file start_13.cif (mmCIF, N, CA and C atoms)
data_coords
#
loop_
_atom_site.label_atom_id
_atom_site.label_comp_id
_atom_site.auth_asym_id
_atom_site.auth_seq_id
_atom_site.Cartn_x
_atom_site.Cartn_y
_atom_site.Cartn_z
N MET Y 1 28.61 -9.24 1.03
CA MET Y 1 27.86 -8.05 1.38
C MET Y 1 26.76 -8.42 2.38
N GLN Y 2 26.66 -7.64 3.43
CA GLN Y 2 25.65 -7.84 4.47
C GLN Y 2 24.31 -7.30 4.00
N ILE Y 3 23.28 -8.13 4.06
CA ILE Y 3 21.93 -7.68 3.69
C ILE Y 3 21.32 -6.99 4.90
N PRO Y 4 20.82 -5.75 4.72
CA PRO Y 4 20.23 -5.02 5.86
C PRO Y 4 19.01 -5.74 6.44
N HIS Y 5 18.82 -5.57 7.73
CA HIS Y 5 17.70 -6.21 8.45
C HIS Y 5 16.35 -5.84 7.83
N TRP Y 6 16.19 -4.58 7.45
CA TRP Y 6 14.91 -4.12 6.91
C TRP Y 6 14.55 -4.81 5.61
N PHE Y 7 15.57 -5.28 4.86
CA PHE Y 7 15.31 -5.89 3.56
C PHE Y 7 14.40 -7.10 3.68
N TRP Y 8 14.58 -7.89 4.75
CA TRP Y 8 13.77 -9.10 4.90
C TRP Y 8 12.31 -8.76 5.15
N PHE Y 9 12.06 -7.68 5.87
CA PHE Y 9 10.67 -7.25 6.06
C PHE Y 9 10.09 -6.76 4.74
N ALA Y 10 10.89 -6.06 3.95
CA ALA Y 10 10.43 -5.61 2.64
C ALA Y 10 10.13 -6.80 1.74
N ALA Y 11 10.92 -7.87 1.83
CA ALA Y 11 10.67 -9.08 1.05
C ALA Y 11 9.36 -9.74 1.47
N VAL Y 12 9.07 -9.71 2.77
CA VAL Y 12 7.79 -10.23 3.25
C VAL Y 12 6.64 -9.43 2.66
N VAL Y 13 6.79 -8.10 2.64
CA VAL Y 13 5.76 -7.24 2.04
C VAL Y 13 5.55 -7.62 0.57
N LEU Y 14 6.64 -7.77 -0.16
CA LEU Y 14 6.56 -8.14 -1.57
C LEU Y 14 5.77 -9.43 -1.75
N LEU Y 15 6.07 -10.45 -0.97
CA LEU Y 15 5.38 -11.73 -1.11
C LEU Y 15 3.91 -11.64 -0.70
N PHE Y 16 3.66 -11.04 0.47
CA PHE Y 16 2.28 -10.99 0.96
C PHE Y 16 1.41 -10.09 0.09
N TRP Y 17 1.92 -8.91 -0.28
CA TRP Y 17 1.12 -8.02 -1.11
C TRP Y 17 0.97 -8.56 -2.52
N GLY Y 18 1.95 -9.32 -2.99
CA GLY Y 18 1.82 -9.97 -4.28
C GLY Y 18 0.68 -10.97 -4.28
N ALA Y 19 0.64 -11.81 -3.26
CA ALA Y 19 -0.46 -12.77 -3.12
C ALA Y 19 -1.78 -12.04 -2.89
N CYS Y 20 -1.73 -10.96 -2.13
CA CYS Y 20 -2.93 -10.18 -1.84
C CYS Y 20 -3.58 -9.66 -3.12
N GLY Y 21 -2.78 -9.25 -4.09
CA GLY Y 21 -3.32 -8.75 -5.36
C GLY Y 21 -4.17 -9.79 -6.06
N ILE Y 22 -3.76 -11.04 -5.98
CA ILE Y 22 -4.55 -12.13 -6.59
C ILE Y 22 -5.88 -12.28 -5.84
N PHE Y 23 -5.81 -12.30 -4.51
CA PHE Y 23 -7.03 -12.48 -3.72
C PHE Y 23 -7.98 -11.28 -3.85
N GLN Y 24 -7.42 -10.08 -4.02
CA GLN Y 24 -8.27 -8.90 -4.21
C GLN Y 24 -9.09 -9.03 -5.49
N LYS Y 25 -8.45 -9.49 -6.54
CA LYS Y 25 -9.17 -9.65 -7.81
C LYS Y 25 -10.20 -10.76 -7.70
N LEU Y 26 -9.82 -11.87 -7.07
CA LEU Y 26 -10.79 -12.96 -6.88
C LEU Y 26 -12.00 -12.48 -6.08
N ALA Y 27 -11.75 -11.70 -5.01
CA ALA Y 27 -12.85 -11.19 -4.20
C ALA Y 27 -13.77 -10.31 -5.01
N THR Y 28 -13.20 -9.39 -5.78
CA THR Y 28 -14.04 -8.45 -6.53
C THR Y 28 -14.70 -9.09 -7.74
N ASN Y 29 -14.30 -10.30 -8.09
CA ASN Y 29 -15.03 -11.04 -9.13
C ASN Y 29 -16.39 -11.49 -8.63
N TYR Y 30 -16.53 -11.61 -7.31
CA TYR Y 30 -17.75 -12.20 -6.75
C TYR Y 30 -18.50 -11.31 -5.78
N ILE Y 31 -17.84 -10.35 -5.15
CA ILE Y 31 -18.53 -9.47 -4.20
C ILE Y 31 -18.19 -8.02 -4.52
N SER Y 32 -18.93 -7.11 -3.93
CA SER Y 32 -18.74 -5.69 -4.21
C SER Y 32 -17.42 -5.18 -3.65
N ALA Y 33 -17.00 -4.05 -4.17
CA ALA Y 33 -15.78 -3.42 -3.67
C ALA Y 33 -15.95 -3.05 -2.20
N GLU Y 34 -17.12 -2.59 -1.83
CA GLU Y 34 -17.38 -2.19 -0.44
C GLU Y 34 -17.31 -3.40 0.49
N SER Y 35 -17.89 -4.53 0.06
CA SER Y 35 -17.81 -5.75 0.87
C SER Y 35 -16.37 -6.23 0.98
N SER Y 36 -15.63 -6.12 -0.11
CA SER Y 36 -14.22 -6.51 -0.09
C SER Y 36 -13.45 -5.68 0.93
N LEU Y 37 -13.77 -4.39 0.98
CA LEU Y 37 -13.09 -3.50 1.94
C LEU Y 37 -13.42 -3.90 3.37
N VAL Y 38 -14.67 -4.25 3.64
CA VAL Y 38 -15.05 -4.68 4.99
C VAL Y 38 -14.27 -5.93 5.37
N TRP Y 39 -14.16 -6.88 4.46
CA TRP Y 39 -13.42 -8.11 4.76
C TRP Y 39 -11.93 -7.83 4.94
N LEU Y 40 -11.40 -6.86 4.19
CA LEU Y 40 -10.01 -6.44 4.38
C LEU Y 40 -9.80 -5.93 5.80
N ILE Y 41 -10.70 -5.07 6.25
CA ILE Y 41 -10.60 -4.49 7.59
C ILE Y 41 -10.72 -5.59 8.66
N LEU Y 42 -11.64 -6.52 8.46
CA LEU Y 42 -11.77 -7.63 9.41
C LEU Y 42 -10.50 -8.48 9.43
N GLY Y 43 -9.86 -8.64 8.27
CA GLY Y 43 -8.59 -9.35 8.22
C GLY Y 43 -7.53 -8.65 9.04
N PHE Y 44 -7.51 -7.31 8.97
CA PHE Y 44 -6.57 -6.55 9.80
C PHE Y 44 -6.85 -6.80 11.28
N ILE Y 45 -8.12 -6.78 11.65
CA ILE Y 45 -8.48 -6.96 13.05
C ILE Y 45 -8.06 -8.34 13.55
N LEU Y 46 -8.17 -9.36 12.69
CA LEU Y 46 -7.79 -10.73 13.09
C LEU Y 46 -6.31 -10.86 13.44
N ILE Y 47 -5.44 -10.17 12.70
CA ILE Y 47 -4.01 -10.31 12.98
C ILE Y 47 -3.49 -9.31 14.00
N GLU Y 48 -4.27 -8.30 14.30
CA GLU Y 48 -3.82 -7.23 15.20
C GLU Y 48 -3.32 -7.73 16.55
N PRO Y 49 -4.00 -8.67 17.22
CA PRO Y 49 -3.49 -9.12 18.52
C PRO Y 49 -2.09 -9.75 18.44
N PHE Y 50 -1.71 -10.25 17.28
CA PHE Y 50 -0.41 -10.90 17.13
C PHE Y 50 0.72 -9.92 16.82
N VAL Y 51 0.38 -8.74 16.30
CA VAL Y 51 1.42 -7.79 15.92
C VAL Y 51 1.47 -6.54 16.80
N TYR Y 52 0.45 -6.31 17.60
CA TYR Y 52 0.42 -5.10 18.44
C TYR Y 52 1.36 -5.27 19.61
N PRO Y 53 2.21 -4.27 19.90
CA PRO Y 53 3.23 -4.42 20.95
C PRO Y 53 2.69 -4.41 22.38
N GLY Y 54 1.45 -4.04 22.58
CA GLY Y 54 0.88 -4.11 23.91
C GLY Y 54 0.84 -2.81 24.68
N LYS Y 55 1.43 -1.72 24.16
CA LYS Y 55 1.34 -0.43 24.84
C LYS Y 55 -0.11 0.07 24.77
N SER Y 56 -0.43 0.94 25.67
CA SER Y 56 -1.75 1.56 25.64
C SER Y 56 -1.90 2.38 24.36
N LEU Y 57 -3.05 2.29 23.74
CA LEU Y 57 -3.29 3.07 22.53
C LEU Y 57 -3.25 4.56 22.78
N LEU Y 58 -3.55 4.97 24.00
CA LEU Y 58 -3.59 6.39 24.33
C LEU Y 58 -2.25 6.89 24.88
N HIS Y 59 -1.24 6.05 24.86
CA HIS Y 59 0.09 6.40 25.36
C HIS Y 59 0.77 7.44 24.47
N TYR Y 60 0.34 7.53 23.24
CA TYR Y 60 0.98 8.39 22.24
C TYR Y 60 0.37 9.79 22.27
N SER Y 61 1.09 10.75 21.69
CA SER Y 61 0.57 12.12 21.65
C SER Y 61 -0.63 12.19 20.71
N LYS Y 62 -1.46 13.21 20.90
CA LYS Y 62 -2.64 13.39 20.04
C LYS Y 62 -2.22 13.56 18.58
N GLU Y 63 -1.10 14.28 18.38
CA GLU Y 63 -0.63 14.48 17.00
C GLU Y 63 -0.24 13.16 16.35
N ASN Y 64 0.46 12.29 17.09
CA ASN Y 64 0.86 11.01 16.53
C ASN Y 64 -0.33 10.10 16.29
N ILE Y 65 -1.32 10.15 17.17
CA ILE Y 65 -2.55 9.39 16.96
C ILE Y 65 -3.26 9.89 15.72
N LEU Y 66 -3.28 11.21 15.52
CA LEU Y 66 -3.90 11.78 14.31
C LEU Y 66 -3.20 11.28 13.05
N TRP Y 67 -1.85 11.24 13.05
CA TRP Y 67 -1.13 10.73 11.88
C TRP Y 67 -1.53 9.28 11.60
N GLY Y 68 -1.63 8.48 12.65
CA GLY Y 68 -2.03 7.08 12.49
C GLY Y 68 -3.44 6.95 11.93
N LEU Y 69 -4.36 7.77 12.47
CA LEU Y 69 -5.74 7.74 11.97
C LEU Y 69 -5.82 8.18 10.51
N LEU Y 70 -5.12 9.25 10.17
CA LEU Y 70 -5.12 9.70 8.78
C LEU Y 70 -4.53 8.64 7.86
N SER Y 71 -3.48 7.99 8.31
CA SER Y 71 -2.87 6.91 7.54
C SER Y 71 -3.90 5.79 7.30
N GLY Y 72 -4.62 5.42 8.34
CA GLY Y 72 -5.63 4.37 8.20
C GLY Y 72 -6.76 4.76 7.27
N VAL Y 73 -7.24 5.99 7.39
CA VAL Y 73 -8.34 6.45 6.52
C VAL Y 73 -7.88 6.47 5.07
N LEU Y 74 -6.70 7.05 4.82
CA LEU Y 74 -6.21 7.13 3.44
C LEU Y 74 -5.89 5.75 2.89
N SER Y 75 -5.36 4.87 3.72
CA SER Y 75 -5.07 3.50 3.29
C SER Y 75 -6.34 2.78 2.87
N ASN Y 76 -7.38 2.94 3.67
CA ASN Y 76 -8.64 2.26 3.34
C ASN Y 76 -9.34 2.88 2.14
N LEU Y 77 -9.24 4.19 1.99
CA LEU Y 77 -9.80 4.81 0.78
C LEU Y 77 -9.04 4.33 -0.45
N GLY Y 78 -7.72 4.19 -0.34
CA GLY Y 78 -6.93 3.65 -1.44
C GLY Y 78 -7.31 2.21 -1.75
N ALA Y 79 -7.48 1.40 -0.71
CA ALA Y 79 -7.89 0.00 -0.92
C ALA Y 79 -9.25 -0.06 -1.58
N TRP Y 80 -10.16 0.81 -1.15
CA TRP Y 80 -11.49 0.85 -1.78
C TRP Y 80 -11.36 1.20 -3.27
N GLY Y 81 -10.52 2.19 -3.59
CA GLY Y 81 -10.30 2.54 -4.99
C GLY Y 81 -9.74 1.38 -5.80
N LEU Y 82 -8.82 0.64 -5.20
CA LEU Y 82 -8.26 -0.54 -5.86
C LEU Y 82 -9.36 -1.56 -6.14
N TYR Y 83 -10.20 -1.82 -5.15
CA TYR Y 83 -11.28 -2.79 -5.33
C TYR Y 83 -12.28 -2.33 -6.39
N VAL Y 84 -12.60 -1.05 -6.38
CA VAL Y 84 -13.53 -0.53 -7.40
C VAL Y 84 -12.92 -0.67 -8.79
N ALA Y 85 -11.63 -0.37 -8.92
CA ALA Y 85 -10.96 -0.51 -10.21
C ALA Y 85 -11.02 -1.96 -10.70
N MET Y 86 -10.78 -2.90 -9.80
CA MET Y 86 -10.83 -4.30 -10.20
C MET Y 86 -12.26 -4.75 -10.48
N LYS Y 87 -13.20 -4.32 -9.64
CA LYS Y 87 -14.62 -4.69 -9.82
C LYS Y 87 -15.17 -4.10 -11.11
N SER Y 88 -14.63 -2.97 -11.54
CA SER Y 88 -15.10 -2.30 -12.76
C SER Y 88 -14.50 -2.91 -14.03
N GLY Y 89 -13.83 -4.03 -13.90
CA GLY Y 89 -13.30 -4.71 -15.07
C GLY Y 89 -11.81 -4.58 -15.26
N GLY Y 90 -11.14 -3.86 -14.36
CA GLY Y 90 -9.69 -3.73 -14.48
C GLY Y 90 -9.00 -5.07 -14.26
N LYS Y 91 -8.00 -5.35 -15.07
CA LYS Y 91 -7.23 -6.58 -14.92
C LYS Y 91 -6.28 -6.42 -13.73
N ALA Y 92 -6.17 -7.45 -12.92
CA ALA Y 92 -5.27 -7.40 -11.77
C ALA Y 92 -3.83 -7.15 -12.22
N SER Y 93 -3.48 -7.68 -13.39
CA SER Y 93 -2.11 -7.54 -13.90
C SER Y 93 -1.78 -6.11 -14.30
N ILE Y 94 -2.80 -5.27 -14.44
CA ILE Y 94 -2.59 -3.86 -14.77
C ILE Y 94 -2.91 -2.96 -13.58
N VAL Y 95 -4.05 -3.20 -12.94
CA VAL Y 95 -4.49 -2.36 -11.83
C VAL Y 95 -3.49 -2.42 -10.66
N ALA Y 96 -3.09 -3.62 -10.27
CA ALA Y 96 -2.19 -3.75 -9.11
C ALA Y 96 -0.86 -3.03 -9.31
N PRO Y 97 -0.19 -3.19 -10.47
CA PRO Y 97 1.06 -2.45 -10.65
C PRO Y 97 0.87 -0.94 -10.67
N ILE Y 98 -0.22 -0.47 -11.26
CA ILE Y 98 -0.46 0.98 -11.26
C ILE Y 98 -0.64 1.48 -9.83
N CYS Y 99 -1.45 0.78 -9.06
CA CYS Y 99 -1.68 1.18 -7.67
C CYS Y 99 -0.41 1.04 -6.83
N ALA Y 100 0.44 0.10 -7.20
CA ALA Y 100 1.67 -0.12 -6.45
C ALA Y 100 2.70 0.97 -6.67
N LEU Y 101 2.40 1.92 -7.53
CA LEU Y 101 3.32 3.03 -7.76
C LEU Y 101 3.16 4.14 -6.73
N TYR Y 102 2.34 3.92 -5.72
CA TYR Y 102 2.14 4.97 -4.71
C TYR Y 102 3.45 5.45 -4.08
N PRO Y 103 4.51 4.62 -3.98
CA PRO Y 103 5.76 5.16 -3.42
C PRO Y 103 6.34 6.30 -4.25
N ALA Y 104 5.98 6.40 -5.52
CA ALA Y 104 6.47 7.51 -6.34
C ALA Y 104 6.02 8.84 -5.74
N ILE Y 105 4.80 8.87 -5.22
CA ILE Y 105 4.28 10.08 -4.58
C ILE Y 105 5.14 10.41 -3.34
N VAL Y 106 5.49 9.36 -2.58
CA VAL Y 106 6.32 9.56 -1.39
C VAL Y 106 7.69 10.10 -1.78
N VAL Y 107 8.28 9.52 -2.82
CA VAL Y 107 9.61 9.97 -3.26
C VAL Y 107 9.57 11.43 -3.69
N ILE Y 108 8.51 11.82 -4.38
CA ILE Y 108 8.40 13.19 -4.87
C ILE Y 108 8.16 14.17 -3.72
N LEU Y 109 7.33 13.79 -2.74
CA LEU Y 109 6.98 14.70 -1.65
C LEU Y 109 7.94 14.66 -0.46
N ALA Y 110 8.70 13.57 -0.32
CA ALA Y 110 9.58 13.42 0.85
C ALA Y 110 10.54 14.59 1.07
N PRO Y 111 11.15 15.14 0.02
CA PRO Y 111 12.05 16.27 0.28
C PRO Y 111 11.34 17.48 0.87
N PHE Y 112 10.11 17.70 0.46
CA PHE Y 112 9.37 18.89 0.90
C PHE Y 112 8.71 18.69 2.26
N LEU Y 113 8.13 17.52 2.48
CA LEU Y 113 7.37 17.30 3.71
C LEU Y 113 8.18 16.61 4.81
N LEU Y 114 9.11 15.75 4.43
CA LEU Y 114 9.87 14.98 5.42
C LEU Y 114 11.33 15.39 5.50
N HIS Y 115 11.71 16.35 4.67
CA HIS Y 115 13.08 16.87 4.63
C HIS Y 115 14.12 15.77 4.34
N GLU Y 116 13.73 14.84 3.48
CA GLU Y 116 14.63 13.79 3.03
C GLU Y 116 15.16 14.17 1.65
N SER Y 117 16.31 13.65 1.32
CA SER Y 117 16.87 13.95 0.01
C SER Y 117 16.58 12.81 -0.96
N ILE Y 118 16.49 13.15 -2.23
CA ILE Y 118 16.27 12.17 -3.29
C ILE Y 118 17.54 12.12 -4.13
N THR Y 119 17.99 10.91 -4.39
CA THR Y 119 19.16 10.75 -5.24
C THR Y 119 18.71 10.73 -6.70
N LEU Y 120 19.64 10.92 -7.58
CA LEU Y 120 19.35 10.83 -9.00
C LEU Y 120 18.81 9.45 -9.34
N ARG Y 121 19.38 8.43 -8.72
CA ARG Y 121 18.93 7.05 -8.96
C ARG Y 121 17.47 6.88 -8.57
N GLN Y 122 17.06 7.43 -7.42
CA GLN Y 122 15.67 7.34 -7.00
C GLN Y 122 14.75 8.07 -7.97
N GLY Y 123 15.18 9.24 -8.41
CA GLY Y 123 14.40 9.99 -9.39
C GLY Y 123 14.23 9.21 -10.68
N LEU Y 124 15.30 8.57 -11.13
CA LEU Y 124 15.22 7.74 -12.33
C LEU Y 124 14.31 6.53 -12.11
N GLY Y 125 14.33 5.99 -10.88
CA GLY Y 125 13.44 4.88 -10.55
C GLY Y 125 11.98 5.27 -10.66
N VAL Y 126 11.65 6.46 -10.18
CA VAL Y 126 10.27 6.95 -10.30
C VAL Y 126 9.91 7.11 -11.77
N LEU Y 127 10.80 7.69 -12.54
CA LEU Y 127 10.56 7.86 -13.98
C LEU Y 127 10.34 6.51 -14.66
N CYS Y 128 11.15 5.52 -14.32
CA CYS Y 128 10.97 4.18 -14.90
C CYS Y 128 9.61 3.59 -14.52
N GLY Y 129 9.21 3.79 -13.26
CA GLY Y 129 7.90 3.31 -12.82
C GLY Y 129 6.77 3.96 -13.60
N LEU Y 130 6.88 5.25 -13.83
CA LEU Y 130 5.84 5.95 -14.59
C LEU Y 130 5.80 5.47 -16.04
N ILE Y 131 6.97 5.24 -16.61
CA ILE Y 131 7.03 4.69 -17.97
C ILE Y 131 6.40 3.30 -17.99
N ALA Y 132 6.65 2.49 -16.96
CA ALA Y 132 6.06 1.16 -16.88
C ALA Y 132 4.54 1.22 -16.86
N VAL Y 133 3.98 2.18 -16.13
CA VAL Y 133 2.52 2.33 -16.07
C VAL Y 133 1.97 2.65 -17.46
N VAL Y 134 2.63 3.53 -18.15
CA VAL Y 134 2.19 3.87 -19.51
C VAL Y 134 2.23 2.63 -20.40
N LEU Y 135 3.31 1.88 -20.32
CA LEU Y 135 3.44 0.67 -21.15
C LEU Y 135 2.42 -0.39 -20.77
N LEU Y 136 2.09 -0.51 -19.49
CA LEU Y 136 1.07 -1.48 -19.05
C LEU Y 136 -0.32 -1.06 -19.49
N SER Y 137 -0.55 0.21 -19.60
CA SER Y 137 -1.91 0.72 -19.84
C SER Y 137 -2.30 0.72 -21.32
N VAL Y 138 -1.35 0.63 -22.22
CA VAL Y 138 -1.70 0.72 -23.65
C VAL Y 138 -1.91 -0.64 -24.26
#
call {"tool": "encode", "arguments": {"input": "start_13.cif", "output": "structure tokens"}}
result
Amino acid sequence: MQIPHWFWFAAVVLLFWGACGIFQKLATNYISAESSLVWLILGFILIEPFVYPGKSLLHYSKENILWGLLSGVLSNLGAWGLYVAMKSGGKASIVAPICALYPAIVVILAPFLLHESITLRQGLGVLCGLIAVVLLSV
């Protein structure tokens, strides 16, 4: 069976975000959630020259730039919430998996907002994830 090209990028995400969860907890053990967020943003800025394709930032339509900006704002607000949860005493082994369920929201909203279809298997996957959160939280 041929493994799709996108799978390897998803595996990179799994590894990097998995390690990131450990460092997020270590950071919030010693500094504030707000400081952790600033360092997260600076980390993004450090790698940006290596991953940016080089097109002009203003080459895109205003609507597409707005989507990117909204994505960045919501991503950073989510990261801040994650840091606050960890700084407030949340265990990384519980907080990170709960926060990692954000794709469930995408699966639920994708048919309505993105006109994508959800399979029964995907729906069951979301249900299993929600059950996992309940089991982790008790």
call {"tool": "select_by_dssp", "arguments": {"input": "start_13.cif", "residues": "chain Y", "states": "helix (DSSP H, G or I)", "output": "ChimeraX atom specification"}}
result
/Y:5-30,33-51,57-59,62-87,92-99,102-113,120-137
call {"tool": "resolve_selection", "arguments": {"input": "start_13.cif", "expression": "the PyMOL selection byres ((chain Y and resi 33-41) around 6.5)", "output": "list of chain:residue names"}}
result
Y:Ala27, Y:Thr28, Y:Ile31, Y:Ser32, Y:Leu42, Y:Gly43, Y:Phe44, Y:Ile45, Y:Leu46, Y:Ala79, Y:Trp80, Y:Tyr83, Y:Val84, Y:Lys87
call {"tool": "axis_aligned_box", "arguments": {"input": "start_13.cif", "around": "segment 93-101 of chain Y", "padding_each_side": "6 Å", "output": "AutoDock Vina command-line options"}}
result
--center_x -0.6 --center_y -1.8 --center_z -10.6 --size_x 19.8 --size_y 23.8 --size_z 20.3
call {"tool": "resolve_selection", "arguments": {"input": "start_13.cif", "expression": "the PyMOL selection byres ((chain Y and resi 10-25) around 7)", "output": "ChimeraX atom specification"}}
result
/Y:5-9,26-30,83,86-87,92,96
call {"tool": "resolve_selection", "arguments": {"input": "start_13.cif", "expression": "the PyMOL selection byres ((chain Y and resi 122-130) around 8)", "output": "ChimeraX atom specification"}}
result
/Y:101,103-105,107-108,118-121,131-136
call {"tool": "atom_distance", "arguments": {"input": "start_13.cif", "atom1": "atom CA of Leu82 of chain Y", "atom2": "atom CA of Gly68 of chain Y"}}
result
20.8 Å
call {"tool": "atom_distance", "arguments": {"input": "start_13.cif", "atom1": "atom C of Ile65 of chain Y", "atom2": "atom C of Pro53 of chain Y"}}
result
16.9 Å
call {"tool": "closest_residue", "arguments": {"input": "start_13.cif", "among": "Y:Gln2, Y:Ala110, Y:Val73, Y:Ser137", "to": "Ile94 of chain Y", "atoms": "only C-alpha atoms"}}
result
Y:Ser137
call {"tool": "decode", "arguments": {"input": "start_13.cif", "residues": "segment 47-128 of chain Y", "atoms": "C-alpha atoms", "output": "CSV table (one decimal), in the first residue's frame"}}
result
chain,number,residue,atom,x,y,z
Y,47,ILE,CA,11.7,29.7,11.7
Y,48,GLU,CA,9.6,31.9,9.3
Y,49,PRO,CA,12.5,32.8,6.9
Y,50,PHE,CA,13.1,29.0,6.4
Y,51,VAL,CA,9.5,28.1,5.6
Y,52,TYR,CA,8.1,31.2,3.8
Y,53,PRO,CA,7.9,30.7,0.0
Y,54,GLY,CA,9.1,34.2,-0.8
Y,55,LYS,CA,6.0,35.6,-2.4
Y,56,SER,CA,5.0,39.1,-1.5
Y,57,LEU,CA,2.7,39.1,1.6
Y,58,LEU,CA,0.4,41.5,-0.2
Y,59,HIS,CA,0.1,39.3,-3.3
Y,60,TYR,CA,-3.0,37.6,-1.8
Y,61,SER,CA,-6.6,38.9,-1.8
Y,62,LYS,CA,-7.8,40.9,1.2
Y,63,GLU,CA,-10.2,38.1,2.0
Y,64,ASN,CA,-7.4,35.5,2.1
Y,65,ILE,CA,-5.2,37.8,4.2
Y,66,LEU,CA,-8.1,38.2,6.6
Y,67,TRP,CA,-8.5,34.4,6.9
Y,68,GLY,CA,-4.8,34.1,7.7
Y,69,LEU,CA,-5.0,36.9,10.3
Y,70,LEU,CA,-8.0,35.4,11.9
Y,71,SER,CA,-6.3,32.0,12.0
Y,72,GLY,CA,-3.2,33.5,13.7
Y,73,VAL,CA,-5.3,35.4,16.3
Y,74,LEU,CA,-7.4,32.4,17.1
Y,75,SER,CA,-4.3,30.1,17.2
Y,76,ASN,CA,-2.5,32.4,19.6
Y,77,LEU,CA,-5.6,32.8,21.8
Y,78,GLY,CA,-5.8,29.0,21.9
Y,79,ALA,CA,-2.1,28.7,22.8
Y,80,TRP,CA,-2.6,31.3,25.5
Y,81,GLY,CA,-5.5,29.2,26.9
Y,82,LEU,CA,-3.4,26.1,26.8
Y,83,TYR,CA,-0.6,27.9,28.7
Y,84,VAL,CA,-3.0,29.3,31.3
Y,85,ALA,CA,-4.5,25.8,31.8
Y,86,MET,CA,-1.0,24.4,32.4
Y,87,LYS,CA,0.1,27.3,34.6
Y,88,SER,CA,-3.1,26.9,36.7
Y,89,GLY,CA,-2.0,23.4,37.7
Y,90,GLY,CA,-3.3,21.4,34.8
Y,91,LYS,CA,-1.3,18.2,34.1
Y,92,ALA,CA,0.3,18.2,30.7
Y,93,SER,CA,-0.9,14.6,30.3
Y,94,ILE,CA,-4.5,15.8,30.6
Y,95,VAL,CA,-4.5,19.3,29.3
Y,96,ALA,CA,-2.6,18.6,26.0
Y,97,PRO,CA,-4.9,15.8,24.9
Y,98,ILE,CA,-8.0,17.8,25.7
Y,99,CYS,CA,-6.7,20.7,23.7
Y,100,ALA,CA,-5.6,18.4,21.0
Y,101,LEU,CA,-9.3,17.6,20.3
Y,102,TYR,CA,-9.8,20.8,18.4
Y,103,PRO,CA,-10.1,18.8,15.1
Y,104,ALA,CA,-13.4,17.5,16.5
Y,105,ILE,CA,-14.8,21.1,16.1
Y,106,VAL,CA,-13.5,21.1,12.5
Y,107,VAL,CA,-15.1,17.7,11.7
Y,108,ILE,CA,-18.4,18.9,13.1
Y,109,LEU,CA,-18.4,22.3,11.3
Y,110,ALA,CA,-16.8,21.2,8.0
Y,111,PRO,CA,-20.0,20.0,6.4
Y,112,PHE,CA,-21.7,23.3,7.1
Y,113,LEU,CA,-18.9,25.8,6.5
Y,114,LEU,CA,-16.6,24.0,4.1
Y,115,HIS,CA,-19.2,21.8,2.3
Y,116,GLU,CA,-17.2,18.7,3.1
Y,117,SER,CA,-18.8,15.4,4.0
Y,118,ILE,CA,-18.3,13.4,7.2
Y,119,THR,CA,-18.2,9.7,7.1
Y,120,LEU,CA,-19.6,7.5,9.8
Y,121,ARG,CA,-16.1,6.5,10.7
Y,122,GLN,CA,-15.1,10.1,11.2
Y,123,GLY,CA,-18.1,10.7,13.4
Y,124,LEU,CA,-17.3,7.7,15.5
Y,125,GLY,CA,-13.7,9.0,15.7
Y,126,VAL,CA,-15.0,12.3,17.2
Y,127,LEU,CA,-17.2,10.4,19.6
Y,128,CYS,CA,-14.2,8.3,20.7
